[in-house]
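Q: Below is a structure I'd like to ask you about.
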Amino acid sequence: MSLMALGQAQLPLKKQNTFILESITRESEEAIRVRYEIPFDGVVEFRLLTPGDSVVYFNQWPSAQGKRERRLPIPKKLSGTYTYRITYKGVDYTGQAKL
């Protein structure tokens, strides 16, 4: 192994490739706001699911790194508690959101 390869193998990652959800809030009858943080530019996918895992809402957007927020239009009929699935860099992050 060369000296350069040895040094490169020991360098820790400066940032973990993880999505951090800060909040999902109902902004109005027709919109929600998603606040989040990502370490690298990438595409964020957002899904709302029924208890049977059927997708009732889907949206995706390119996002720059850092703390961000996104206003998403949603149908008025969506209210209650849903499972959300957010996908970033191929990893799913799930939880519950009350709208």
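Convention: chains lettered A, B, ... in structure tokens order; per-chain residue numbering from 1; ligands numbered from 1 as shown.
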Which polymer residues have any atom within 8 Å of an atom of Gln96 (chain A), counting only C-alpha atoms, with same-chain residues fewer than 6 positions away left out, as a ChimeraX atom specification?
A: /A:81-84
Q: Could you save those same residues with N, CA and C atoms as a PDB file, in the first residue's frame?
A:
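What landed in out.pdb:
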```pdb
ATOM      1  N   THR A  81     -53.858  11.711  10.558  1.00  0.00           N
ATOM      2  CA  THR A  81     -52.486  11.263  10.790  1.00  0.00           C
ATOM      3  C   THR A  81     -52.057  10.338   9.654  1.00  0.00           C
ATOM      4  N   TYR A  82     -50.897  10.620   9.099  1.00  0.00           N
ATOM      5  CA  TYR A  82     -50.351   9.843   7.992  1.00  0.00           C
ATOM      6  C   TYR A  82     -48.924   9.423   8.326  1.00  0.00           C
ATOM      7  N   THR A  83     -48.508   8.344   7.711  1.00  0.00           N
ATOM      8  CA  THR A  83     -47.096   7.983   7.727  1.00  0.00           C
ATOM      9  C   THR A  83     -46.433   8.768   6.612  1.00  0.00           C
ATOM     10  N   TYR A  84     -45.284   9.364   6.904  1.00  0.00           N
ATOM     11  CA  TYR A  84     -44.521  10.007   5.834  1.00  0.00           C
ATOM     12  C   TYR A  84     -43.294   9.149   5.544  1.00  0.00           C
TER      13      TYR A  84
END
```
Q: Find the residues near Ala31 (chain A): any atom within 12 Å, counting only C-alpha atoms, skip ones fewer than 2 places away on the same chain, and give them as an mmCIF file with N, CA and C atoms, in the first residue's frame.
A:
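Output (around07.cif):
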```cif
data_model
loop_
_atom_site.group_PDB
_atom_site.id
_atom_site.type_symbol
_atom_site.label_atom_id
_atom_site.label_comp_id
_atom_site.auth_asym_id
_atom_site.auth_seq_id
_atom_site.Cartn_x
_atom_site.Cartn_y
_atom_site.Cartn_z
ATOM 1 N N ILE A 24 -42.735 19.000 10.202
ATOM 2 C CA ILE A 24 -43.744 19.001 9.144
ATOM 3 C C ILE A 24 -44.952 19.689 9.760
ATOM 4 N N THR A 25 -45.357 20.821 9.209
ATOM 5 C CA THR A 25 -46.483 21.563 9.774
ATOM 6 C C THR A 25 -47.502 21.901 8.699
ATOM 7 N N ARG A 26 -48.742 21.980 9.111
ATOM 8 C CA ARG A 26 -49.827 22.389 8.213
ATOM 9 C C ARG A 26 -49.790 23.903 8.144
ATOM 10 N N GLU A 27 -49.533 24.430 6.969
ATOM 11 C CA GLU A 27 -49.423 25.877 6.795
ATOM 12 C C GLU A 27 -50.778 26.506 6.500
ATOM 13 N N SER A 28 -51.578 25.792 5.737
ATOM 14 C CA SER A 28 -52.920 26.247 5.379
ATOM 15 C C SER A 28 -53.734 25.016 4.991
ATOM 16 N N GLU A 29 -54.974 25.226 4.577
ATOM 17 C CA GLU A 29 -55.793 24.098 4.118
ATOM 18 C C GLU A 29 -55.164 23.387 2.936
ATOM 19 N N ARG A 33 -45.590 22.633 5.298
ATOM 20 C CA ARG A 33 -44.209 23.105 5.232
ATOM 21 C C ARG A 33 -43.318 22.052 5.868
ATOM 22 N N VAL A 34 -42.268 21.669 5.130
ATOM 23 C CA VAL A 34 -41.306 20.682 5.600
ATOM 24 C C VAL A 34 -39.994 21.424 5.852
ATOM 25 N N TYR A 57 -49.938 10.936 -1.528
ATOM 26 C CA TYR A 57 -49.324 12.182 -1.963
ATOM 27 C C TYR A 57 -47.856 11.923 -2.231
ATOM 28 N N ARG A 70 -39.432 23.694 2.650
ATOM 29 C CA ARG A 70 -40.153 23.565 1.382
ATOM 30 C C ARG A 70 -41.645 23.597 1.658
ATOM 31 N N ARG A 71 -42.336 24.449 0.934
ATOM 32 C CA ARG A 71 -43.798 24.512 1.004
ATOM 33 C C ARG A 71 -44.340 23.564 -0.046
ATOM 34 N N LEU A 72 -45.196 22.639 0.372
ATOM 35 C CA LEU A 72 -45.751 21.656 -0.549
ATOM 36 C C LEU A 72 -47.265 21.816 -0.628
ATOM 37 N N PRO A 73 -47.796 21.982 -1.836
ATOM 38 C CA PRO A 73 -49.256 22.031 -1.975
ATOM 39 C C PRO A 73 -49.827 20.634 -1.763
ATOM 40 N N ILE A 74 -50.904 20.544 -0.989
ATOM 41 C CA ILE A 74 -51.561 19.246 -0.796
ATOM 42 C C ILE A 74 -53.070 19.431 -0.955
ATOM 43 N N PRO A 75 -53.769 18.376 -1.338
ATOM 44 C CA PRO A 75 -55.229 18.469 -1.465
ATOM 45 C C PRO A 75 -55.884 18.771 -0.115
ATOM 46 N N LYS A 76 -56.953 19.551 -0.139
ATOM 47 C CA LYS A 76 -57.688 19.905 1.082
ATOM 48 C C LYS A 76 -58.176 18.671 1.827
ATOM 49 N N LYS A 77 -58.511 17.620 1.084
ATOM 50 C CA LYS A 77 -59.098 16.430 1.707
ATOM 51 C C LYS A 77 -58.109 15.665 2.590
ATOM 52 N N LEU A 78 -56.816 15.941 2.466
ATOM 53 C CA LEU A 78 -55.838 15.240 3.296
ATOM 54 C C LEU A 78 -55.803 15.862 4.684
ATOM 55 N N SER A 79 -56.332 15.152 5.630
ATOM 56 C CA SER A 79 -56.251 15.569 7.026
ATOM 57 C C SER A 79 -56.238 14.314 7.879
ATOM 58 N N LEU A 99 -51.809 16.039 10.100
ATOM 59 C CA LEU A 99 -52.090 17.189 9.229
ATOM 60 C C LEU A 99 -53.438 17.781 9.527
#
```
Q: According to DSSP computed on the backbone, where in chain A is there helix (DSSP H, G or I)? Give the residues as a PyMOL selection string.
A: chain A and resi 3-9
Q: For N, CA and C atoms, I'd like the residues from the last selection saved as a PDB file, in the first residue's frame.
A:
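The file below, again_4.pdb, is the result:
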```
ATOM      1  N   LEU A   3       1.999   5.221   0.545  1.00  0.00           N
ATOM      2  CA  LEU A   3       1.825   6.150   1.650  1.00  0.00           C
ATOM      3  C   LEU A   3       0.576   6.992   1.466  1.00  0.00           C
ATOM      4  N   MET A   4       0.288   7.402   0.242  1.00  0.00           N
ATOM      5  CA  MET A   4      -0.891   8.212  -0.024  1.00  0.00           C
ATOM      6  C   MET A   4      -2.167   7.402   0.219  1.00  0.00           C
ATOM      7  N   ALA A   5      -2.219   6.179  -0.235  1.00  0.00           N
ATOM      8  CA  ALA A   5      -3.403   5.342  -0.036  1.00  0.00           C
ATOM      9  C   ALA A   5      -3.627   5.087   1.445  1.00  0.00           C
ATOM     10  N   LEU A   6      -2.547   4.907   2.207  1.00  0.00           N
ATOM     11  CA  LEU A   6      -2.670   4.680   3.635  1.00  0.00           C
ATOM     12  C   LEU A   6      -3.274   5.905   4.309  1.00  0.00           C
ATOM     13  N   GLY A   7      -2.807   7.089   3.966  1.00  0.00           N
ATOM     14  CA  GLY A   7      -3.333   8.317   4.547  1.00  0.00           C
ATOM     15  C   GLY A   7      -4.786   8.545   4.175  1.00  0.00           C
ATOM     16  N   GLN A   8      -5.175   8.228   2.964  1.00  0.00           N
ATOM     17  CA  GLN A   8      -6.556   8.419   2.539  1.00  0.00           C
ATOM     18  C   GLN A   8      -7.487   7.444   3.249  1.00  0.00           C
ATOM     19  N   ALA A   9      -7.037   6.259   3.511  1.00  0.00           N
ATOM     20  CA  ALA A   9      -7.882   5.257   4.149  1.00  0.00           C
ATOM     21  C   ALA A   9      -8.201   5.632   5.592  1.00  0.00           C
TER      22      ALA A   9
END
```
Q: Considering only C-alpha atoms, return as a ChimeraX atom specification whatever protein or nucleic-acid residues lie within 8 Å of Arg68 (chain A), sequence-local ones (same chain, fewer than 4 positions apart) excluded.
A: /A:35-37,63-64
Q: For the selection just defined, write its residues with N, CA and C atoms to a file, as a short mmCIF file (atom, residue, chain, number, x, y, z; two decimals), in the first residue's frame.
A:
```cif
data_model
loop_
_atom_site.label_atom_id
_atom_site.label_comp_id
_atom_site.auth_asym_id
_atom_site.auth_seq_id
_atom_site.Cartn_x
_atom_site.Cartn_y
_atom_site.Cartn_z
N ARG A 35 -39.51 21.36 7.09
CA ARG A 35 -38.22 21.96 7.45
C ARG A 35 -37.23 20.82 7.71
N TYR A 36 -36.04 20.93 7.10
CA TYR A 36 -35.08 19.83 7.17
C TYR A 36 -33.67 20.34 6.98
N GLU A 37 -32.71 19.43 7.19
CA GLU A 37 -31.31 19.74 6.94
C GLU A 37 -30.67 18.55 6.24
N SER A 63 -32.55 19.86 -3.92
CA SER A 63 -32.30 20.71 -2.77
C SER A 63 -30.81 20.95 -2.59
N ALA A 64 -30.46 22.18 -2.25
CA ALA A 64 -29.09 22.50 -1.90
C ALA A 64 -28.83 22.05 -0.46
#
```
Q: Could you tell me which of A:Glu30, A:Asp92, A:Arg85, A:Pro39 comes closest to Ser54 (chain A) if we count only C-alpha atoms?
A: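 When distances to Ser54 (chain A) are compared using only C-alpha atoms, the smallest one comes from A:Arg85.
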Q: When you draw a straight line from CA of Ile38 (chain A) to CA of Lys98 (chain A), how long is it in Å?
A: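 For CA of Ile38 (chain A) relative to CA of Lys98 (chain A), the distance reads 23.0 Å.
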Q: Output as an NGL selection string all residues of chain A that backbone DSSP marks as strand (DSSP E or B).
A: :A and (20-28 or 31-38 or 42-49 or 55-63 or 66-73 or 81-88 or 91-98)
Q: Create the file for the chosen residues now, containing C-alpha atoms and written as a CSV table (one decimal), in the first residue's frame.
A:
```csv
chain,number,residue,atom,x,y,z
A,20,ILE,CA,-32.5,15.5,9.5
A,21,LEU,CA,-36.2,16.4,9.7
A,22,GLU,CA,-36.9,19.4,11.8
A,23,SER,CA,-40.7,19.6,11.3
A,24,ILE,CA,-43.7,19.0,9.1
A,25,THR,CA,-46.5,21.6,9.8
A,26,ARG,CA,-49.8,22.4,8.2
A,27,GLU,CA,-49.4,25.9,6.8
A,28,SER,CA,-52.9,26.2,5.4
A,31,ALA,CA,-50.2,23.4,2.0
A,32,ILE,CA,-47.7,21.9,4.4
A,33,ARG,CA,-44.2,23.1,5.2
A,34,VAL,CA,-41.3,20.7,5.6
A,35,ARG,CA,-38.2,22.0,7.5
A,36,TYR,CA,-35.1,19.8,7.2
A,37,GLU,CA,-31.3,19.7,6.9
A,38,ILE,CA,-29.1,17.8,4.5
A,42,GLY,CA,-29.5,16.1,-3.6
A,43,VAL,CA,-33.0,15.2,-4.5
A,44,VAL,CA,-35.6,14.9,-1.7
A,45,GLU,CA,-38.7,12.8,-2.2
A,46,PHE,CA,-41.7,13.2,0.1
A,47,ARG,CA,-44.6,10.7,0.4
A,48,LEU,CA,-47.7,10.5,2.5
A,49,LEU,CA,-49.0,7.0,3.1
A,55,VAL,CA,-49.2,6.5,-1.5
A,56,VAL,CA,-51.8,9.4,-1.3
A,57,TYR,CA,-49.3,12.2,-2.0
A,58,PHE,CA,-45.9,12.4,-3.7
A,59,ASN,CA,-43.6,15.3,-4.4
A,60,GLN,CA,-39.8,15.5,-5.2
A,61,TRP,CA,-37.4,18.4,-5.6
A,62,PRO,CA,-33.7,19.2,-5.9
A,63,SER,CA,-32.3,20.7,-2.8
A,66,GLY,CA,-27.9,23.0,4.6
A,67,LYS,CA,-31.0,23.9,6.5
A,68,ARG,CA,-34.0,24.3,4.2
A,69,GLU,CA,-37.7,24.4,4.1
A,70,ARG,CA,-40.2,23.6,1.4
A,71,ARG,CA,-43.8,24.5,1.0
A,72,LEU,CA,-45.8,21.7,-0.5
A,73,PRO,CA,-49.3,22.0,-2.0
A,81,THR,CA,-52.5,11.3,10.8
A,82,TYR,CA,-50.4,9.8,8.0
A,83,THR,CA,-47.1,8.0,7.7
A,84,TYR,CA,-44.5,10.0,5.8
A,85,ARG,CA,-41.6,8.6,3.9
A,86,ILE,CA,-38.8,10.9,2.9
A,87,THR,CA,-36.1,9.6,0.6
A,88,TYR,CA,-32.7,11.2,0.4
A,91,VAL,CA,-32.3,6.1,2.2
A,92,ASP,CA,-35.9,6.2,3.5
A,93,TYR,CA,-36.7,8.2,6.7
A,94,THR,CA,-40.2,7.4,8.1
A,95,GLY,CA,-42.4,8.7,10.8
A,96,GLN,CA,-45.9,10.0,11.6
A,97,ALA,CA,-47.3,13.4,10.8
A,98,LYS,CA,-50.7,14.9,11.9
```
